[in-house]
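Asks: Could you have a look at this structure, given as structure tokens, before my questions?
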Amino acid sequence: MFSVKPLKPTFKSYLPPLQCISVDSSHDDLWGKLICTNFKISFMTQDTLPQQKFQYANRLLGEHDIPLACVEQVVTVNDAKGKRKVLGSNQKLKFSPTELIVYCKDFRIVRFRFDEAGPESAKKVCLAIAHYSHPADPQLLFGFEYTGKRHHGPSGDQVNGADHGSGPQTPLFDRSCDWDREIKRTGASEWRVCSLNEGYSVSPSLPEYFVVPVSLADQDLKQCSGFFTAQRLPLWCWNHHNGSALVRMASIRDPAQQRKLDQRICNAVTKSHPKRGDVLKSDLDKSLPSIQDIQTAFVRLRQICIIEPFEESEEKWLSSMENSRWLEYVRAFLKHSSEVVYILEGRQASVILQGRDVLRLPALMLDPHFRSLTGFQSLVQKEWVMAGYRFLDRCNHLKKNSKEESPLFLLFLDCVWQLLNQYPAAFEFTETYLTVLGDSMWIPDSSQSKSLPVGVEQSLCFPPVWDWSQQYSLKDQALFNSPLYVGKGAPCVRNGAVKTFRRTKKNYSSTLRGMPSLKNGMLGEHNFLPRRNSLVLRLRPDLSQMREPLESPSERFFRDWFSRPVDLHGLLLPQLLASHLRLWRLYFLRWVAEAEIPRGGPITAFQKLSQLADEIETLQRQLRQYQSSMPTSTPQLECHRMYFRAGTPDNPPSPPPEYLTSSFPFSPIGNLSRRSILGTPLSKFLSGAKIWLSTETLASETA
């Protein structure tokens with residue numbers, strides 16, 4: 001539990017006088033206060049707004065709230081003087097602003113007007129937002145306001161005194177027992193839990209407990225830790241059932257020790273393989289795009305999606321997307337992960353991934369456990385949070401070094417979405433869940449769960465993001481559940497009896513899908529991202545006449561997999577042709593009113609499938625109650641897994657509601673919009689509005 005120290009006011013709340021929000025006439029003006037705290041920017045309306053039927057609310061954020069960690073840029077405007085200024089930390093403002101524009105990291109652009117506020121008050125709140133959204137020290141971040149002791153309950157299901165409820169819980173991998181269970185689950189019998197880094201005595205970026213080969217002693221690891229970047233020793237990630245292992249390793253700083261350490265680590269990994277299989281190493285810094293390349297592509301993508309006027313960018317949309325290279329980089333990481341999968345499964349050899357940042361896709365593609373909700377969360381917790389991913393630097397929360405900023409975690413989520421989009425029935429979670437998880441990077445009280453030492457017998461203990469009840473109600477969390485997912489061995493009803501569901505391959509049609517091409521088993525530095533997939537030749541009708549000797553083992557592996565029916569509880573490989581990779585619309589275009597489809601988009605099919613799944617679950621529940629020999633005296637509270645419920649004889653299913661759009665659940669009919677203007681771009685009717693989502697160019701505003 002937290003032992004809370006006395007509050008130290010590191011931050012004030014700045015409240016200028018009442019602000020005005022007008023919809024389309026002065027009669028409908030809404031007034032409120034713009035408030036800046038040490039956590040968020042809030043616009044508090046003076047009058048109570050009419051509630052819509054649909055309310056997907058974050059418990060930590062109001063409808064018009066922006067977490068300070070989500071602020072990308074702050075621009076002040078004075079219309080009368082024609083002045084604009086991009087504000088940073090500790091900067092001065094020489095004119096009184098009449099408008100404040102906040103560019104957000106989650107692709108929102110929000111405007112505030114100060115028509116009724118005093119000039120000094122407006123200037124004060126603008127400077128406060130700019131200063132505290134760009135903190136110079138981590139101690140100014142909201143999460144560092146409190147320190148406390150970490151506490152685990154007797155049953156091990158409590159963290160900081162908070163009970164996370166019943167059901168399967170996400171392991172935090174902050175104790176050796178979590179790693180022990182993962183070793184047993186994957187059958188990695190020749191690996192052990194190492195406690196060498198307890199108290200972060202070796203490396204502050206490594207977890208206190210991690211897994212290493214049995215043949216490596218703690219003393220040997222401690223001696224060679226100094227040769228690795230940031231003392232980051234090799235870490236075990238995952239084990240295949242055939243004995244091959246996936247290992248990650250930091251770069252070796254001393255070139256003179258490179259060969260010696262490589263040999264030592266490879267020998268240890270080889271000994272951990274029951275068949276003493278081969279070990280292959282992949283240098284990610286050479287074979288994949290750099291973090292600067294990814295950041296450049298992301299900036300271009302954001303420019304296309306929300307900054308440029310949508311009416312103009314629509315005409316050159318496809319060419320602009322191609323020039324951004326974002327999808328090209330998504331394909332690069334998916335392709336490389338497929339090659340790693342071939343080595344682990346096809347060649348039954350272990351793989352060492354060397355580089356600064358590693359996307360954790362191969363384990364997701366090979367292990368169906370990581371495609372369940374709890375399993376995916378454990379993968380992110382183990383391989384991103386506890387493995388020391390530099391969220392602070394990559395998100396650039398402190399605005400210190402833009403060269404280290406790069407959306408690698410978002411790129412990982414996009415790759416996962418591509419797989420989910422191609423094989424939706426293989427994943428227990430939805431794209432709404434992935435989008436919310438991406439947004440959690442900007443909520444500083446739950447973006448990490450790693451305990452950081454800040455003093456004697458004290459540590460900074462972040463509540464885990466996996467306790468979604470901190471942010472969403474149980475009903476809203478139901479949007480995380482996919483109606484298409486069928487877990488392995490899930491019960492179903494056949495001829496009136498509950499039986500175990502077994503997938504059969506007889507009903508599948510054999511099709512050939514786009515597959516990655518390999519060269520020598522690994523992605524070479526000069527074999528990076530061809531514009532045309534070499535598979536096109538293989539798609540011709542004379543495929544069966546190809547001579548077998550021309551195929552490499554890796555090509556045969558992929559051809560065989562793609563020619564078989566897909567086992568949703570086995571290996572998944574991405575389809576990499578241009579027609580298979582899509583833009584993740586829900587994340588990148590959810591705030592663009594012009595891109596919304598009222599009562600349309602994938603959500604309409606999702607609603608119908610959810611209602612069908614809910615009806616099936618209801619019938620199964622009723623059947624179990626009917627067959628039960630123990631009558632219940634009191635009715636049990638029904639727990640629905642689906643957000644959209646099935647109809648009843650008294651209340652049949654209704655057509656898609658008005659709030660259902662292609663951007664659901666992130667942009668329903670807002671309280672500042674009217675039903676009569678549903679589908680009209682916001683920029684067309686909010687004439688003189690004081691807060692809206694804009695698609696104007698930042699270039700003209702910072703000139």
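Chain labels follow the order of the structure tokens: the first chain is A, the next B, and so on; residue numbering restarts at 1 in every chain, and ligands are counted from 1 in their shown order.
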Residues at most 9 Å from Val351 of chain A, counting only C-alpha atoms, excluding those fewer than 6 positions away in the same chain, as a ChimeraX atom specification?
Replies: /A:244-248,278-282,340,343-344
Asks: For the selection you just gave me, I'd like the residues written to a file as a CSV table (one decimal), in the first residue's frame, keeping all heavy atoms.
Replies:
chain,number,residue,atom,x,y,z
A,244,SER,N,13.8,-24.5,-29.0
A,244,SER,CA,14.5,-23.3,-29.5
A,244,SER,C,14.0,-22.1,-28.6
A,244,SER,O,12.9,-22.1,-28.2
A,244,SER,CB,14.2,-23.1,-30.9
A,244,SER,OG,12.8,-23.0,-31.2
A,245,ALA,N,14.9,-21.2,-28.4
A,245,ALA,CA,14.6,-20.1,-27.5
A,245,ALA,C,14.8,-18.8,-28.3
A,245,ALA,O,15.6,-18.6,-29.2
A,245,ALA,CB,15.6,-20.1,-26.3
A,246,LEU,N,14.1,-17.8,-27.8
A,246,LEU,CA,14.2,-16.4,-28.3
A,246,LEU,C,14.8,-15.6,-27.2
A,246,LEU,O,14.3,-15.5,-26.1
A,246,LEU,CB,12.8,-15.8,-28.7
A,246,LEU,CG,12.8,-14.4,-29.3
A,246,LEU,CD1,13.5,-14.4,-30.6
A,246,LEU,CD2,11.3,-14.0,-29.5
A,247,VAL,N,16.0,-15.0,-27.5
A,247,VAL,CA,16.8,-14.2,-26.6
A,247,VAL,C,17.0,-12.8,-27.1
A,247,VAL,O,17.2,-12.6,-28.3
A,247,VAL,CB,18.1,-14.9,-26.3
A,247,VAL,CG1,18.9,-14.2,-25.3
A,247,VAL,CG2,17.9,-16.4,-25.8
A,248,ARG,N,17.0,-11.8,-26.3
A,248,ARG,CA,17.4,-10.5,-26.6
A,248,ARG,C,18.7,-10.1,-25.9
A,248,ARG,O,18.9,-10.4,-24.8
A,248,ARG,CB,16.3,-9.5,-26.3
A,248,ARG,CG,15.8,-9.5,-24.9
A,248,ARG,CD,14.7,-8.7,-24.6
A,248,ARG,NE,14.9,-7.3,-24.9
A,248,ARG,CZ,14.0,-6.3,-24.8
A,248,ARG,NH1,12.8,-6.6,-24.3
A,248,ARG,NH2,14.3,-5.1,-25.0
A,278,ASP,N,21.2,-25.1,-33.3
A,278,ASP,CA,22.0,-24.0,-33.7
A,278,ASP,C,21.5,-22.7,-33.0
A,278,ASP,O,20.3,-22.6,-32.6
A,278,ASP,CB,22.0,-23.8,-35.2
A,278,ASP,CG,22.7,-25.0,-35.9
A,278,ASP,OD1,23.6,-25.6,-35.3
A,278,ASP,OD2,22.4,-25.3,-37.1
A,279,VAL,N,22.3,-21.6,-33.1
A,279,VAL,CA,22.0,-20.3,-32.6
A,279,VAL,C,22.3,-19.3,-33.7
A,279,VAL,O,23.4,-19.3,-34.2
A,279,VAL,CB,22.7,-19.9,-31.3
A,279,VAL,CG1,22.3,-18.5,-30.9
A,279,VAL,CG2,22.4,-20.9,-30.2
A,280,LEU,N,21.3,-18.5,-34.1
A,280,LEU,CA,21.5,-17.5,-35.1
A,280,LEU,C,21.3,-16.1,-34.4
A,280,LEU,O,20.4,-16.0,-33.6
A,280,LEU,CB,20.6,-17.6,-36.3
A,280,LEU,CG,20.9,-18.7,-37.3
A,280,LEU,CD1,20.4,-20.1,-36.8
A,280,LEU,CD2,20.4,-18.4,-38.6
A,281,LYS,N,22.1,-15.1,-34.8
A,281,LYS,CA,22.0,-13.8,-34.2
A,281,LYS,C,21.6,-12.8,-35.3
A,281,LYS,O,22.1,-12.9,-36.4
A,281,LYS,CB,23.3,-13.4,-33.6
A,281,LYS,CG,23.2,-12.1,-32.8
A,281,LYS,CD,24.5,-11.7,-32.1
A,281,LYS,CE,25.5,-11.1,-33.1
A,281,LYS,NZ,26.6,-10.6,-32.4
A,282,SER,N,20.7,-11.9,-35.0
A,282,SER,CA,20.2,-10.9,-35.9
A,282,SER,C,20.5,-9.5,-35.3
A,282,SER,O,20.0,-9.2,-34.2
A,282,SER,CB,18.7,-11.0,-36.2
A,282,SER,OG,18.2,-10.0,-36.9
A,340,VAL,N,12.2,-14.6,-38.2
A,340,VAL,CA,12.6,-15.1,-36.9
A,340,VAL,C,11.7,-16.4,-36.6
A,340,VAL,O,12.2,-17.4,-36.1
A,340,VAL,CB,12.4,-14.1,-35.8
A,340,VAL,CG1,12.6,-14.6,-34.5
A,340,VAL,CG2,13.4,-12.9,-36.1
A,343,ILE,N,13.0,-19.5,-38.3
A,343,ILE,CA,14.2,-20.0,-37.7
A,343,ILE,C,13.8,-20.8,-36.4
A,343,ILE,O,14.3,-21.9,-36.2
A,343,ILE,CB,15.2,-18.9,-37.3
A,343,ILE,CG1,15.7,-18.3,-38.6
A,343,ILE,CG2,16.4,-19.5,-36.6
A,343,ILE,CD1,16.5,-17.0,-38.4
A,344,LEU,N,12.9,-20.2,-35.6
A,344,LEU,CA,12.5,-20.9,-34.4
A,344,LEU,C,11.7,-22.2,-34.7
A,344,LEU,O,11.9,-23.2,-34.0
A,344,LEU,CB,11.6,-19.9,-33.5
A,344,LEU,CG,12.4,-18.7,-32.9
A,344,LEU,CD1,11.4,-17.7,-32.4
A,344,LEU,CD2,13.3,-19.2,-31.8
Asks: Quick one: pick out all strand (DSSP E or B) residues within segment 389-458 of chain A from a backbone DSSP run and write them as a PyMOL selection string.
Replies: chain A and resi 429+452-455+458
Asks: Write the residues you've just listed into a file as a PDB file, in the first residue's frame, and include N, CA, C and O atoms for each of them.
Replies:
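Output below, filename part.pdb:
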ATOM      1  N   PHE A 429      -8.998  -9.977 -27.909  1.00  0.00           N
ATOM      2  CA  PHE A 429      -9.217  -8.545 -27.721  1.00  0.00           C
ATOM      3  C   PHE A 429      -9.530  -7.881 -29.063  1.00  0.00           C
ATOM      4  O   PHE A 429      -9.381  -8.477 -30.134  1.00  0.00           O
ATOM      5  N   LEU A 452      10.338   2.025  -8.874  1.00  0.00           N
ATOM      6  CA  LEU A 452      11.580   2.767  -9.010  1.00  0.00           C
ATOM      7  C   LEU A 452      12.038   3.251  -7.645  1.00  0.00           C
ATOM      8  O   LEU A 452      11.290   3.916  -6.929  1.00  0.00           O
ATOM      9  N   PRO A 453      13.284   2.957  -7.222  1.00  0.00           N
ATOM     10  CA  PRO A 453      13.760   3.410  -5.918  1.00  0.00           C
ATOM     11  C   PRO A 453      13.962   4.913  -5.900  1.00  0.00           C
ATOM     12  O   PRO A 453      14.568   5.489  -6.788  1.00  0.00           O
ATOM     13  N   VAL A 454      13.403   5.579  -4.891  1.00  0.00           N
ATOM     14  CA  VAL A 454      13.560   7.029  -4.763  1.00  0.00           C
ATOM     15  C   VAL A 454      14.041   7.424  -3.377  1.00  0.00           C
ATOM     16  O   VAL A 454      14.101   8.592  -3.059  1.00  0.00           O
ATOM     17  N   GLY A 455      14.396   6.493  -2.553  1.00  0.00           N
ATOM     18  CA  GLY A 455      14.882   6.815  -1.227  1.00  0.00           C
ATOM     19  C   GLY A 455      14.989   5.570  -0.379  1.00  0.00           C
ATOM     20  O   GLY A 455      14.716   4.460  -0.823  1.00  0.00           O
ATOM     21  N   GLN A 458      11.855   3.344   0.389  1.00  0.00           N
ATOM     22  CA  GLN A 458      10.734   3.881  -0.354  1.00  0.00           C
ATOM     23  C   GLN A 458      10.955   3.649  -1.838  1.00  0.00           C
ATOM     24  O   GLN A 458      12.083   3.595  -2.321  1.00  0.00           O
TER      25      GLN A 458
END
Asks: Select from segment 185-370 of chain A everything DSSP, run on the backbone, classes as alpha helix (DSSP H), then give the selection as JSON, numbers by chain.
Replies: {"A": [185, 186, 218, 219, 220, 221, 222, 223, 224, 255, 256, 257, 258, 259, 260, 261, 262, 263, 264, 265, 266, 267, 268, 269, 270, 271, 272, 284, 285, 286, 287, 291, 292, 293, 294, 295, 296, 297, 298, 299, 300, 301, 302, 310, 311, 312, 313, 317, 318, 319, 320, 321, 322, 323, 324, 326, 327, 328, 329, 330, 331, 332, 333, 334, 335, 336, 337, 338, 339, 340, 341, 362, 363, 364, 365, 366]}
Asks: When you look at Lys271 of chain A with a cut-off of 9 Å (counting only C-alpha atoms), what residues show up, excluding the ones that are within fewer than 6 positions of it in the same chain? I need them as a PyMOL selection string.
Replies: chain A and resi 190+213-215+277
Asks: What is the distance, in Å and to one decimal place, between atom CA of Leu619 of chain A and atom CA of Cys639 of chain A?
Replies: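 Atom-to-atom, atom CA of Leu619 of chain A and atom CA of Cys639 of chain A are spaced 13.1 Å apart.
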Asks: For Gln470 of chain A, which residue out of A:Ser272, A:Asn38, A:Ser610, A:Asn58 is the nearest one, using only C-alpha atoms?
Replies: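 Ranked by minimum distance to Gln470 of chain A, first place goes to A:Asn58.
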Asks: Using only C-alpha atoms, find each residue in segment 246-340 of chain A having at least one atom no more than 8 Å away from segment 396-405 of chain A; report its shortest atom-to-atom pair and that distance in Å (one decimal), rows by chain then rising number, as JSON lines.
Replies:
{"residue": "A:Ile291", "atom": "CA", "partner": "A:Glu404", "partner_atom": "CA", "distance": 7.4}
{"residue": "A:Gln292", "atom": "CA", "partner": "A:Lys403", "partner_atom": "CA", "distance": 6.8}
{"residue": "A:Gln295", "atom": "CA", "partner": "A:Glu405", "partner_atom": "CA", "distance": 6.9}
Asks: Identify, on the basis of only C-alpha atoms, every residue whose closest approach to segment 646-652 of chain A does not exceed 12 Å; exclude the query and any residue fewer than 2 positions from it along the same chain; express the result as a compact mmCIF listing (two decimals) with C-alpha atoms, in the first residue's frame.
Replies:
# COMPACT_ATOMS: atom_id res chain seq x y z
CA GLN A 607 -22.45 -4.85 -33.16
CA LYS A 608 -24.35 -7.66 -34.89
CA LEU A 609 -21.68 -10.24 -34.04
CA SER A 610 -21.64 -9.09 -30.41
CA GLN A 611 -25.41 -9.46 -30.16
CA LEU A 612 -25.19 -12.94 -31.66
CA ALA A 613 -22.38 -13.95 -29.29
CA ASP A 614 -24.33 -12.57 -26.33
CA GLU A 615 -27.41 -14.55 -27.37
CA ILE A 616 -25.36 -17.76 -27.60
CA GLU A 617 -23.81 -17.16 -24.18
CA THR A 618 -27.23 -16.45 -22.70
CA LEU A 619 -28.62 -19.71 -24.12
CA HIS A 640 -22.35 -10.20 -20.01
CA ARG A 641 -19.07 -10.41 -21.88
CA MET A 642 -20.33 -8.39 -24.85
CA TYR A 643 -20.99 -4.65 -24.88
CA PHE A 644 -23.90 -4.94 -27.32
CA SER A 654 -32.84 -2.46 -32.81
CA PRO A 655 -31.08 -1.05 -35.91
Asks: Give me the residues near Lys83 of chain A as a PyMOL selection string, where near means some atom within 12 Å (using only C-alpha atoms) and where sequence neighbours in that chain fewer than 2 positions away do not count.
Replies: chain A and resi 75-81+85-86+93-100+700-703
